[in-house]
6 protein chains.
Amino acid sequence: MDEKVLTHFDEEGRAKMVEVGEKLNTRREAVARGSIYMKEETLLRIVDRNIEKGDVLAVSQVAGIMAAKKTSDMIPMCHNIVLTGADISFHIDEKNNKIDIEATVRTTGKTGVEIEALSAVSVAALTIYDMCKAIDRGMEITDIRLVKKTGGKSGDYIREK
Amino acid sequence: MDEKVLTHFDEEGRAKMVEVGEKLNTRREAVARGSIYMKEETLLRIVDRNIEKGDVLAVSQVAGIMAAKKTSDMIPMCHNIVLTGADISFHIDEKNNKIDIEATVRTTGKTGVEIEALSAVSVAALTIYDMCKAIDRGMEITDIRLVKKTGGKSGDYIREK
Amino acid sequence: MDEKVLTHFDEEGRAKMVEVGEKLNTRREAVARGSIYMKEETLLRIVDRNIEKGDVLAVSQVAGIMAAKKTSDMIPMCHNIVLTGADISFHIDEKNNKIDIEATVRTTGKTGVEIEALSAVSVAALTIYDMCKAIDRGMEITDIRLVKKTGGKSGDYIREK
Amino acid sequence: MDEKVLTHFDEEGRAKMVEVGEKLNTRREAVARGSIYMKEETLLRIVDRNIEKGDVLAVSQVAGIMAAKKTSDMIPMCHNIVLTGADISFHIDEKNNKIDIEATVRTTGKTGVEIEALSAVSVAALTIYDMCKAIDRGMEITDIRLVKKTGGKSGDYIREK
Amino acid sequence: MDEKVLTHFDEEGRAKMVEVGEKLNTRREAVARGSIYMKEETLLRIVDRNIEKGDVLAVSQVAGIMAAKKTSDMIPMCHNIVLTGADISFHIDEKNNKIDIEATVRTTGKTGVEIEALSAVSVAALTIYDMCKAIDRGMEITDIRLVKKTGGKSGDYIREK
Amino acid sequence: MDEKVLTHFDEEGRAKMVEVGEKLNTRREAVARGSIYMKEETLLRIVDRNIEKGDVLAVSQVAGIMAAKKTSDMIPMCHNIVLTGADISFHIDEKNNKIDIEATVRTTGKTGVEIEALSAVSVAALTIYDMCKAIDRGMEITDIRLVKKTGGKSGDYIREK
């Protein structure tokens with residue numbers, strides 16, 4: 001390995017999975033939220049549970065929780081960690097024809113679980129899209145963001161507004 | 001299996017992976033878009049490629065393409081299909097401090113690839129979040145929607161606006 | 001590669017994924033069934049949907065369908081194929097304190113989907129176990145068998161009672 | 001998120017991955033067993049190792065151990081944990097034309113490994129089915145149950161005969 | 001999406017999964033080979049099958065075949081395709097203290113299976129390393145190359161020498 | 001389970017995932033290297049980044065890091081562990097028309113990460129092959145070996161020469 005180093009790669013910033021071995025195993029939690037907008041009729045049918053593919057929100061919830069567990073397989077530089085819990089809840093916003101999704105993920109580990117919570121929300125929303133797309137291709141997934149994060153050296157984070 | 005059927009399950013709509021065996025194998029394409037908003041400084045550092053975890057957009061692009069291929073593993077009722085191609089492109093919107101992501105996915109199969117394209121955009125955006133979260137936890141993923149769909153019996157779809 | 005062949009391996013029968021390239025792409029279906037026995041109280045709580053981990057059968061059903069899709073990743077010599085549909089149904093057998101699970105899987109491909117249907121039933125049953133184990137470790141998964149198979153060169157199969 | 005909560009979802013019991021962050025990391029072990037019945041001729045050919053797809057039990061064993069590791073990817077509400085060991089053994093029961101499968105799984109973690117052991121047995125049995133189905137579609141997988149569990153706050157469990 | 005395109009990305013060559021929708025579904029085969037060098041004692045113990053972790057080559061073979069199936073999940077720009085068959089064989093080269101591994105993979109699809117065959121050989125070799133590393137950390141995996149490829153528009157390829 | 005044990009299986013050595021519960025969680029690191037030989041023209045095009053499938057080394061690096069994380073899913077008897085970091089670097093050797101790949105993987109766990117580092121190098125090399133195979137089917141992956149290992153009870157290992 002005594003040949004010329006690809007130095008221009010370093011200058012541009014090569015990808016790596018950052019070393020966290022020095023970090024402490026501490027209790028960490030992250031809460032993320034997002035929304036999916038749809039037609040009024042679509043929302044009503046989800047609430048009534050008569051979309052052909054099945055009880056949409058029950059499936060979405062399972063998908064979101066499974067996604068939290070496989071986040072490190074989807075997101076290249078994300079550490080694989082052991083989650084201690086994951087939960088997803090839905091809020092029907094009939095006024096705005098949207099469903100709000102909230103995911104809470106926890107670990108006792110060396111890295112935070114922000115991206116696990118955001119992945120859970122994203123996959124839950126994508127699952128809703130998938131199950132309703134036959135009647136509403138125009139649905140839109142939006143406002144996916146971190147709401148709260150606790151634990152870890154970088155301190156707590158609470159999203160303003 | 002001559003016992004009482006859980007009929008109230010059917011009434012609510014049980015989940016299933018809808019049978020598509022009668023559908024034709026045709027060329028199908030879907031284009032999806034989404035955006036991730038961030039601080040001005042974050043956008044500048046991505047463009048300059050000096051985020052610690054590496055060349056952010058190169059990694060995001062790989063993650064998005066890999067996500068297109070594993071969509072049926074993430075989305076419970078989504079059919080597993082053979083993709084014939086996938087591509088992702090980024091547009092830097094410096095005026096609004098966001099990056100626009102576009103994914104194009106194609107297949108020659110019995111189902112459309114809308115959800116594959118939307119998954120690719122979502123995972124590409126989540127990857128950007130993951131790689132920049134140390135400097136900007138407030139990033140927001142938004143406006144993930146189907147832009148175009150061609151092929152298949154249900155006809156073409158072009159998003160208005 | 002002109003060295004001695006490990007011939008005793010061939011004699012014992014080496015594992016391989018059997019070549020099916022000559023087979024035709026035909027419509028194929030498999031139906032499998034199995035049962036999970038439990039305490040009367042456990043069954044009542046599943047029907048009433050008040051197990052702490054959630055609506056047990058809704059989750060079980062999603063797990064079974066996802067398992068059908070990932071069968072070739074679990075079963076070493078099983079071909080990876082494109083499924084055209086998958087469905088799972090439950091029958092509550094209160095007289096015998098068990099739940100009967102039935103999975104139907106279909107493809108238009110070169111191999112049958114018997115093992116996909118059996119995997120779906122198995123994982124659906126394991127999911128019921130997982131969600132109820134806190135109150136009933138003695139549950140037993142049993143009678144997992146192929147009930148019907150149609151399509152393919154080997155002909156149809158209907159299990160005798 | 002100040003809109004109406006989908007309260008009827010809570011009443012039915014929403015699915016979640018139960019929080020275990022408060023639990024201790026302790027040594028835990030689970031032993032599960034199951035059986036697969038087959039025709040006499042099938043059993044003889046497995047013992048003689050001349051099934052076309054290869055040495056059936058060697059492949060089954062590998063499949064079972066790999067399944068133990070991917071249990072949390074198959075079972076939706078199952079925690080992903082780090083296993084410290086997994087072992088599978090087979091007993092030929094020529095009198096009853098069946099093979100008994102036993103899996104032992106261990107961890108030093110916050111959750112038990114009952115479902116990992118049961119999954120290992122199930123996938124090992126499914127693999128035997130897959131490799132022999134060309135000569136015996138009537139095989140039946142049965143009696144999959146937890147035999148023993150040690151470690152953890154809920155105490156030890158030994159199945160009564 | 002009317003903002004400035006990241007044109008310097010195009011100049012450098014952005015990653016994509018190349019579109020193959022125009023290609024024909026034809027029978028394709030690829031054969032790859034590789035070798036793993038080890039200490040004489042290690043080789044003898046593999047042949048005698050008394051390595052603690054088990055019958056090394058049986059496990060290696062299963063791992064290689066499973067790797068062929070999951071190639072598109074490992075290799076980012078590789079198309080996911082349906083394999084029609086996969087086989088792995090070993091040759092013991094006692095003179096040079098190495099094991100030669102050969103993988104043959106086939107499909108009826110739109111892309112070749114060279115990378116699937118090479119992945120199968122690589123993972124089979126890594127598995128041998130893993131199972132023997134406790135007694136021989138110096139093993140070396142080498143000469144992984146495509147030996148033959150048939151089918152597809154680009155024509156056949158036979159490696160010289 | 002009082003029937004005849006398949007004792008000849010034990011004699012041959014059955015596969016298992018060795019129990020490591022007694023081992024300590026310590027900091028461990030492994031460094032592996034390998035090379036891929038190619039035509040001069042291929043190497044020049046990689047350096048110039050104009051291979052059709054994209055920036056080859058950026059994609060290869062992502063693939064290698066993701067492979068480190070999924071090693072226990074590829075290698076049957078390998079323990080699933082939590083990695084604390086992973087890094088890959090490339091060295092262009094224009095004199096010999098090859099690219100040298102080096103992977104460094106770290107954990108704080110009960111098992112070493114040699115196989116994770118070797119898998120990362122292998123998959124990084126396979127990715128280079130995949131992206132360049134259209135112009136150079138004769139590339140050869142070679143000299144994949146462990147260079148260094150620290151931590152754990154078995155002591156440090158530094159490869160000679």
# chains A, B, ... in the order shown; residues from 1 in each chain; ligands from 1
$ closest_atom_pairs --of "chain E" --to "chain F" --cutoff "8 Å" --atoms "only C-alpha atoms" --output "Markdown table"
| residue | atom | partner | partner_atom | distance |
| --- | --- | --- | --- | --- |
| E:Glu11 | CA | F:Asn50 | CA | 7.8 |
| E:Glu12 | CA | F:Arg49 | CA | 5.4 |
| E:Gly13 | CA | F:Gly54 | CA | 4.4 |
| E:Arg14 | CA | F:Gly54 | CA | 4.3 |
| E:Ala15 | CA | F:Gly54 | CA | 3.7 |
| E:Lys16 | CA | F:Lys53 | CA | 5.5 |
| E:Met17 | CA | F:Lys53 | CA | 6.8 |
| E:Val18 | CA | F:Lys53 | CA | 6.7 |
| E:Asp48 | CA | F:Glu12 | CA | 7.7 |
| E:Arg49 | CA | F:Glu12 | CA | 5.4 |
| E:Asn50 | CA | F:Gly13 | CA | 5.5 |
| E:Ile51 | CA | F:Gly13 | CA | 6.9 |
| E:Glu52 | CA | F:Gly13 | CA | 6.8 |
| E:Lys53 | CA | F:Ala15 | CA | 5.1 |
| E:Gly54 | CA | F:Ala15 | CA | 3.7 |
| E:Asp55 | CA | F:Gly13 | CA | 5.5 |
| E:Val56 | CA | F:Ala15 | CA | 7.7 |
| E:Val59 | CA | F:Pro76 | CA | 7.2 |
| E:Ala63 | CA | F:Ile75 | CA | 6.3 |
| E:Met66 | CA | F:Met74 | CA | 7.8 |
| E:Ala67 | CA | F:Met74 | CA | 6.6 |
| E:Met74 | CA | F:Ala67 | CA | 6.6 |
| E:Ile75 | CA | F:Thr127 | CA | 5.6 |
| E:Pro76 | CA | F:Ala63 | CA | 6.4 |
| E:Met77 | CA | F:Met131 | CA | 7.3 |
| E:Cys78 | CA | F:Asp130 | CA | 7.0 |
| E:Ile115 | CA | F:Asp130 | CA | 6.1 |
| E:Leu118 | CA | F:Leu126 | CA | 7.4 |
| E:Ser119 | CA | F:Leu126 | CA | 7.0 |
| E:Ser122 | CA | F:Ser122 | CA | 6.9 |
| E:Val123 | CA | F:Ile75 | CA | 7.1 |
| E:Leu126 | CA | F:Ser119 | CA | 7.0 |
| E:Thr127 | CA | F:Ile75 | CA | 5.6 |
| E:Tyr129 | CA | F:Ile115 | CA | 7.6 |
| E:Asp130 | CA | F:Ile115 | CA | 6.1 |
| E:Met131 | CA | F:Met77 | CA | 7.2 |
| E:Arg137 | CA | F:Leu146 | CA | 7.1 |
| E:Gly138 | CA | F:Leu146 | CA | 6.8 |
| E:Met139 | CA | F:Arg145 | CA | 6.7 |
| E:Glu140 | CA | F:Arg145 | CA | 4.9 |
| E:Ile141 | CA | F:Ile144 | CA | 5.0 |
| E:Thr142 | CA | F:Thr142 | CA | 4.0 |
| E:Asp143 | CA | F:Thr142 | CA | 5.0 |
| E:Ile144 | CA | F:Ile141 | CA | 5.0 |
| E:Arg145 | CA | F:Glu140 | CA | 4.9 |
| E:Leu146 | CA | F:Gly138 | CA | 6.8 |
| E:Arg159 | CA | F:Gly138 | CA | 7.2 |
$ calpha_fit_and_write --fixed "chain B" --moving "chain C" --output "PDB file with C-alpha atoms, in the first residue's frame"
ATOM      1  CA  MET C   1     -60.869 -25.151   9.339  1.00  0.00           C
ATOM      2  CA  ASP C   2     -64.591 -25.572   9.876  1.00  0.00           C
ATOM      3  CA  GLU C   3     -64.684 -23.254  12.896  1.00  0.00           C
ATOM      4  CA  LYS C   4     -66.072 -19.781  13.204  1.00  0.00           C
ATOM      5  CA  VAL C   5     -64.518 -17.263  10.833  1.00  0.00           C
ATOM      6  CA  LEU C   6     -63.234 -13.983  12.297  1.00  0.00           C
ATOM      7  CA  THR C   7     -65.808 -12.176  10.220  1.00  0.00           C
ATOM      8  CA  HIS C   8     -65.416  -8.813  11.890  1.00  0.00           C
ATOM      9  CA  PHE C   9     -61.922  -8.827  10.439  1.00  0.00           C
ATOM     10  CA  ASP C  10     -63.258  -8.961   6.947  1.00  0.00           C
ATOM     11  CA  GLU C  11     -65.678  -6.179   7.651  1.00  0.00           C
ATOM     12  CA  GLU C  12     -62.847  -3.900   8.708  1.00  0.00           C
ATOM     13  CA  GLY C  13     -60.817  -4.884   5.720  1.00  0.00           C
ATOM     14  CA  ARG C  14     -57.956  -7.328   6.218  1.00  0.00           C
ATOM     15  CA  ALA C  15     -54.563  -6.554   4.787  1.00  0.00           C
ATOM     16  CA  LYS C  16     -53.435  -8.511   1.765  1.00  0.00           C
ATOM     17  CA  MET C  17     -51.031  -8.230  -1.123  1.00  0.00           C
ATOM     18  CA  VAL C  18     -53.499  -7.728  -3.976  1.00  0.00           C
ATOM     19  CA  GLU C  19     -53.389 -10.373  -6.708  1.00  0.00           C
ATOM     20  CA  VAL C  20     -51.879  -8.996  -9.933  1.00  0.00           C
ATOM     21  CA  GLY C  21     -51.390 -12.262 -11.822  1.00  0.00           C
ATOM     22  CA  GLU C  22     -53.867 -11.202 -14.503  1.00  0.00           C
ATOM     23  CA  LYS C  23     -52.004  -7.987 -15.253  1.00  0.00           C
ATOM     24  CA  LEU C  24     -49.687  -7.710 -18.197  1.00  0.00           C
ATOM     25  CA  ASN C  25     -45.925  -7.278 -18.057  1.00  0.00           C
ATOM     26  CA  THR C  26     -45.585  -3.797 -19.531  1.00  0.00           C
ATOM     27  CA  ARG C  27     -43.010  -1.044 -19.446  1.00  0.00           C
ATOM     28  CA  ARG C  28     -43.772   1.247 -16.544  1.00  0.00           C
ATOM     29  CA  GLU C  29     -42.053   4.335 -15.191  1.00  0.00           C
ATOM     30  CA  ALA C  30     -42.595   6.557 -12.187  1.00  0.00           C
ATOM     31  CA  VAL C  31     -41.008   9.862 -11.272  1.00  0.00           C
ATOM     32  CA  ALA C  32     -41.182  11.200  -7.719  1.00  0.00           C
ATOM     33  CA  ARG C  33     -39.836  14.335  -6.090  1.00  0.00           C
ATOM     34  CA  GLY C  34     -39.226  15.728  -2.640  1.00  0.00           C
ATOM     35  CA  SER C  35     -37.219  18.380  -0.885  1.00  0.00           C
ATOM     36  CA  ILE C  36     -35.165  18.790   2.260  1.00  0.00           C
ATOM     37  CA  TYR C  37     -34.931  22.215   3.847  1.00  0.00           C
ATOM     38  CA  MET C  38     -31.906  23.162   5.909  1.00  0.00           C
ATOM     39  CA  LYS C  39     -29.901  26.070   7.229  1.00  0.00           C
ATOM     40  CA  GLU C  40     -27.974  28.130   4.715  1.00  0.00           C
ATOM     41  CA  GLU C  41     -24.696  27.052   6.263  1.00  0.00           C
ATOM     42  CA  THR C  42     -25.605  23.379   5.961  1.00  0.00           C
ATOM     43  CA  LEU C  43     -26.404  23.742   2.293  1.00  0.00           C
ATOM     44  CA  LEU C  44     -23.131  25.509   1.661  1.00  0.00           C
ATOM     45  CA  ARG C  45     -21.167  22.774   3.384  1.00  0.00           C
ATOM     46  CA  ILE C  46     -22.909  20.070   1.361  1.00  0.00           C
ATOM     47  CA  VAL C  47     -22.109  21.894  -1.864  1.00  0.00           C
ATOM     48  CA  ASP C  48     -18.534  22.335  -0.670  1.00  0.00           C
ATOM     49  CA  ARG C  49     -18.478  18.671   0.353  1.00  0.00           C
ATOM     50  CA  ASN C  50     -16.919  19.175   3.727  1.00  0.00           C
ATOM     51  CA  ILE C  51     -19.394  17.477   6.014  1.00  0.00           C
ATOM     52  CA  GLU C  52     -17.419  15.139   8.246  1.00  0.00           C
ATOM     53  CA  LYS C  53     -19.244  11.998   7.164  1.00  0.00           C
ATOM     54  CA  GLY C  54     -18.305  12.498   3.506  1.00  0.00           C
ATOM     55  CA  ASP C  55     -19.634  13.571   0.129  1.00  0.00           C
ATOM     56  CA  VAL C  56     -23.252  13.800   1.184  1.00  0.00           C
ATOM     57  CA  LEU C  57     -25.025  13.697  -2.156  1.00  0.00           C
ATOM     58  CA  ALA C  58     -22.975  10.798  -3.516  1.00  0.00           C
ATOM     59  CA  VAL C  59     -23.945   8.723  -0.498  1.00  0.00           C
ATOM     60  CA  SER C  60     -27.544   9.900  -0.627  1.00  0.00           C
ATOM     61  CA  GLN C  61     -27.811   8.842  -4.236  1.00  0.00           C
ATOM     62  CA  VAL C  62     -26.519   5.351  -3.559  1.00  0.00           C
ATOM     63  CA  ALA C  63     -28.905   5.030  -0.623  1.00  0.00           C
ATOM     64  CA  GLY C  64     -31.856   6.113  -2.738  1.00  0.00           C
ATOM     65  CA  ILE C  65     -31.123   3.622  -5.488  1.00  0.00           C
ATOM     66  CA  MET C  66     -30.647   0.776  -3.018  1.00  0.00           C
ATOM     67  CA  ALA C  67     -33.928   1.762  -1.346  1.00  0.00           C
ATOM     68  CA  ALA C  68     -35.764   1.491  -4.653  1.00  0.00           C
ATOM     69  CA  LYS C  69     -34.620  -2.130  -4.837  1.00  0.00           C
ATOM     70  CA  LYS C  70     -35.643  -2.984  -1.281  1.00  0.00           C
ATOM     71  CA  THR C  71     -39.005  -1.202  -1.320  1.00  0.00           C
ATOM     72  CA  SER C  72     -41.021  -4.408  -1.131  1.00  0.00           C
ATOM     73  CA  ASP C  73     -39.081  -5.349   1.996  1.00  0.00           C
ATOM     74  CA  MET C  74     -40.021  -2.032   3.665  1.00  0.00           C
ATOM     75  CA  ILE C  75     -43.605  -1.585   2.485  1.00  0.00           C
ATOM     76  CA  PRO C  76     -45.742  -4.515   3.646  1.00  0.00           C
ATOM     77  CA  MET C  77     -48.320  -4.846   0.856  1.00  0.00           C
ATOM     78  CA  CYS C  78     -45.995  -3.800  -1.978  1.00  0.00           C
ATOM     79  CA  HIS C  79     -45.206  -6.494  -4.563  1.00  0.00           C
ATOM     80  CA  ASN C  80     -41.606  -7.552  -5.011  1.00  0.00           C
ATOM     81  CA  ILE C  81     -40.690  -6.806  -8.598  1.00  0.00           C
ATOM     82  CA  VAL C  82     -37.682  -6.679 -10.869  1.00  0.00           C
ATOM     83  CA  LEU C  83     -36.600  -3.111 -11.623  1.00  0.00           C
ATOM     84  CA  THR C  84     -35.010  -2.354 -14.976  1.00  0.00           C
ATOM     85  CA  GLY C  85     -33.466   0.949 -13.911  1.00  0.00           C
ATOM     86  CA  ALA C  86     -33.304   3.627 -11.247  1.00  0.00           C
ATOM     87  CA  ASP C  87     -31.834   7.096 -11.244  1.00  0.00           C
ATOM     88  CA  ILE C  88     -31.690   9.954  -8.763  1.00  0.00           C
ATOM     89  CA  SER C  89     -30.769  13.569  -9.326  1.00  0.00           C
ATOM     90  CA  PHE C  90     -30.343  16.575  -7.068  1.00  0.00           C
ATOM     91  CA  HIS C  91     -31.037  20.233  -7.615  1.00  0.00           C
ATOM     92  CA  ILE C  92     -29.556  22.798  -5.293  1.00  0.00           C
ATOM     93  CA  ASP C  93     -32.028  25.567  -4.538  1.00  0.00           C
ATOM     94  CA  GLU C  94     -29.852  28.177  -2.869  1.00  0.00           C
ATOM     95  CA  LYS C  95     -32.594  30.762  -2.830  1.00  0.00           C
ATOM     96  CA  ASN C  96     -34.772  28.638  -0.565  1.00  0.00           C
ATOM     97  CA  ASN C  97     -32.018  26.746   1.250  1.00  0.00           C
ATOM     98  CA  LYS C  98     -33.209  23.357   0.135  1.00  0.00           C
ATOM     99  CA  ILE C  99     -32.181  20.442  -2.016  1.00  0.00           C
ATOM    100  CA  ASP C 100     -34.718  18.994  -4.432  1.00  0.00           C
ATOM    101  CA  ILE C 101     -34.475  15.259  -5.038  1.00  0.00           C
ATOM    102  CA  GLU C 102     -35.927  13.482  -8.058  1.00  0.00           C
ATOM    103  CA  ALA C 103     -36.074   9.724  -8.549  1.00  0.00           C
ATOM    104  CA  THR C 104     -36.984   7.888 -11.733  1.00  0.00           C
ATOM    105  CA  VAL C 105     -37.669   4.166 -11.520  1.00  0.00           C
ATOM    106  CA  ARG C 106     -38.605   1.773 -14.317  1.00  0.00           C
ATOM    107  CA  THR C 107     -39.771  -1.807 -14.610  1.00  0.00           C
ATOM    108  CA  THR C 108     -41.198  -4.238 -17.115  1.00  0.00           C
ATOM    109  CA  GLY C 109     -43.692  -5.862 -14.807  1.00  0.00           C
ATOM    110  CA  LYS C 110     -47.212  -6.281 -13.550  1.00  0.00           C
ATOM    111  CA  THR C 111     -47.280  -3.425 -11.053  1.00  0.00           C
ATOM    112  CA  GLY C 112     -46.321   0.222 -11.168  1.00  0.00           C
ATOM    113  CA  VAL C 113     -43.244   1.603  -9.472  1.00  0.00           C
ATOM    114  CA  GLU C 114     -44.697   4.714  -7.847  1.00  0.00           C
ATOM    115  CA  ILE C 115     -43.905   3.551  -4.360  1.00  0.00           C
ATOM    116  CA  GLU C 116     -40.383   2.552  -5.390  1.00  0.00           C
ATOM    117  CA  ALA C 117     -39.743   6.076  -6.684  1.00  0.00           C
ATOM    118  CA  LEU C 118     -41.217   7.655  -3.550  1.00  0.00           C
ATOM    119  CA  SER C 119     -39.155   5.368  -1.337  1.00  0.00           C
ATOM    120  CA  ALA C 120     -36.002   6.275  -3.224  1.00  0.00           C
ATOM    121  CA  VAL C 121     -36.648   9.982  -2.675  1.00  0.00           C
ATOM    122  CA  SER C 122     -37.480   9.448   1.007  1.00  0.00           C
ATOM    123  CA  VAL C 123     -34.386   7.413   1.772  1.00  0.00           C
ATOM    124  CA  ALA C 124     -32.166   9.791  -0.193  1.00  0.00           C
ATOM    125  CA  ALA C 125     -33.534  12.637   1.923  1.00  0.00           C
ATOM    126  CA  LEU C 126     -33.163  10.696   5.173  1.00  0.00           C
ATOM    127  CA  THR C 127     -29.542  10.002   4.246  1.00  0.00           C
ATOM    128  CA  ILE C 128     -28.878  13.718   3.813  1.00  0.00           C
ATOM    129  CA  TYR C 129     -30.440  14.288   7.219  1.00  0.00           C
ATOM    130  CA  ASP C 130     -28.328  11.572   8.794  1.00  0.00           C
ATOM    131  CA  MET C 131     -25.075  12.892   7.428  1.00  0.00           C
ATOM    132  CA  CYS C 132     -25.728  16.515   8.384  1.00  0.00           C
ATOM    133  CA  LYS C 133     -27.652  16.120  11.635  1.00  0.00           C
ATOM    134  CA  ALA C 134     -24.615  16.880  13.757  1.00  0.00           C
ATOM    135  CA  ILE C 135     -24.709  20.465  12.489  1.00  0.00           C
ATOM    136  CA  ASP C 136     -28.406  20.928  11.751  1.00  0.00           C
ATOM    137  CA  ARG C 137     -31.054  18.950  13.612  1.00  0.00           C
ATOM    138  CA  GLY C 138     -33.812  21.180  12.292  1.00  0.00           C
ATOM    139  CA  MET C 139     -33.736  20.006   8.680  1.00  0.00           C
ATOM    140  CA  GLU C 140     -37.170  19.154   7.310  1.00  0.00           C
ATOM    141  CA  ILE C 141     -38.146  16.649   4.619  1.00  0.00           C
ATOM    142  CA  THR C 142     -41.142  17.782   2.680  1.00  0.00           C
ATOM    143  CA  ASP C 143     -43.251  17.706  -0.493  1.00  0.00           C
ATOM    144  CA  ILE C 144     -42.641  14.052  -1.301  1.00  0.00           C
ATOM    145  CA  ARG C 145     -45.055  13.330  -4.112  1.00  0.00           C
ATOM    146  CA  LEU C 146     -45.530  11.456  -7.362  1.00  0.00           C
ATOM    147  CA  VAL C 147     -44.830  13.659 -10.353  1.00  0.00           C
ATOM    148  CA  LYS C 148     -45.458  11.285 -13.225  1.00  0.00           C
ATOM    149  CA  LYS C 149     -46.436   7.707 -13.896  1.00  0.00           C
ATOM    150  CA  THR C 150     -46.665   5.944 -17.251  1.00  0.00           C
ATOM    151  CA  GLY C 151     -47.606   2.436 -18.290  1.00  0.00           C
ATOM    152  CA  GLY C 152     -50.128   0.003 -16.894  1.00  0.00           C
ATOM    153  CA  LYS C 153     -53.859  -0.379 -17.251  1.00  0.00           C
ATOM    154  CA  SER C 154     -54.778   2.545 -14.993  1.00  0.00           C
ATOM    155  CA  GLY C 155     -53.255   4.918 -17.520  1.00  0.00           C
ATOM    156  CA  ASP C 156     -50.756   7.716 -17.276  1.00  0.00           C
ATOM    157  CA  TYR C 157     -50.673  10.253 -14.496  1.00  0.00           C
ATOM    158  CA  ILE C 158     -49.092  13.668 -14.637  1.00  0.00           C
ATOM    159  CA  ARG C 159     -49.275  15.728 -11.480  1.00  0.00           C
ATOM    160  CA  GLU C 160     -50.753  19.132 -12.001  1.00  0.00           C
ATOM    161  CA  LYS C 161     -48.274  21.693 -10.833  1.00  0.00           C
TER     162      LYS C 161
END
$ decode --residues "stretch 17-26 of chain D" --atoms "N, CA, C and O atoms" --output "short mmCIF file (atom, residue, chain, number, x, y, z; two decimals), in the first residue's frame"
data_model
loop_
_atom_site.label_atom_id
_atom_site.label_comp_id
_atom_site.auth_asym_id
_atom_site.auth_seq_id
_atom_site.Cartn_x
_atom_site.Cartn_y
_atom_site.Cartn_z
N MET D 17 -43.45 -1.70 19.88
CA MET D 17 -42.35 -2.52 20.35
C MET D 17 -42.12 -2.07 21.78
O MET D 17 -41.64 -0.95 22.02
N VAL D 18 -42.49 -2.91 22.72
CA VAL D 18 -42.53 -2.55 24.14
C VAL D 18 -41.17 -2.04 24.63
O VAL D 18 -40.15 -2.62 24.30
N GLU D 19 -41.18 -0.97 25.42
CA GLU D 19 -39.93 -0.40 25.93
C GLU D 19 -39.28 -1.32 26.96
O GLU D 19 -39.92 -1.73 27.93
N VAL D 20 -38.01 -1.65 26.75
CA VAL D 20 -37.29 -2.53 27.67
C VAL D 20 -36.04 -1.86 28.23
O VAL D 20 -35.17 -2.52 28.80
N GLY D 21 -35.95 -0.54 28.04
CA GLY D 21 -34.75 0.18 28.47
C GLY D 21 -34.43 0.03 29.95
O GLY D 21 -33.27 0.11 30.36
N GLU D 22 -35.45 -0.22 30.76
CA GLU D 22 -35.23 -0.35 32.21
C GLU D 22 -34.71 -1.73 32.59
O GLU D 22 -34.24 -1.94 33.70
N LYS D 23 -34.84 -2.68 31.67
CA LYS D 23 -34.43 -4.05 32.00
C LYS D 23 -32.91 -4.16 32.04
O LYS D 23 -32.19 -3.39 31.40
N LEU D 24 -32.45 -5.17 32.77
CA LEU D 24 -31.01 -5.37 32.91
C LEU D 24 -30.48 -6.25 31.77
O LEU D 24 -31.19 -7.09 31.24
N ASN D 25 -29.22 -6.04 31.44
CA ASN D 25 -28.53 -6.94 30.53
C ASN D 25 -28.12 -8.17 31.32
O ASN D 25 -27.18 -8.13 32.11
N THR D 26 -28.82 -9.26 31.14
CA THR D 26 -28.45 -10.48 31.86
C THR D 26 -28.32 -11.63 30.87
O THR D 26 -28.79 -11.56 29.75
#
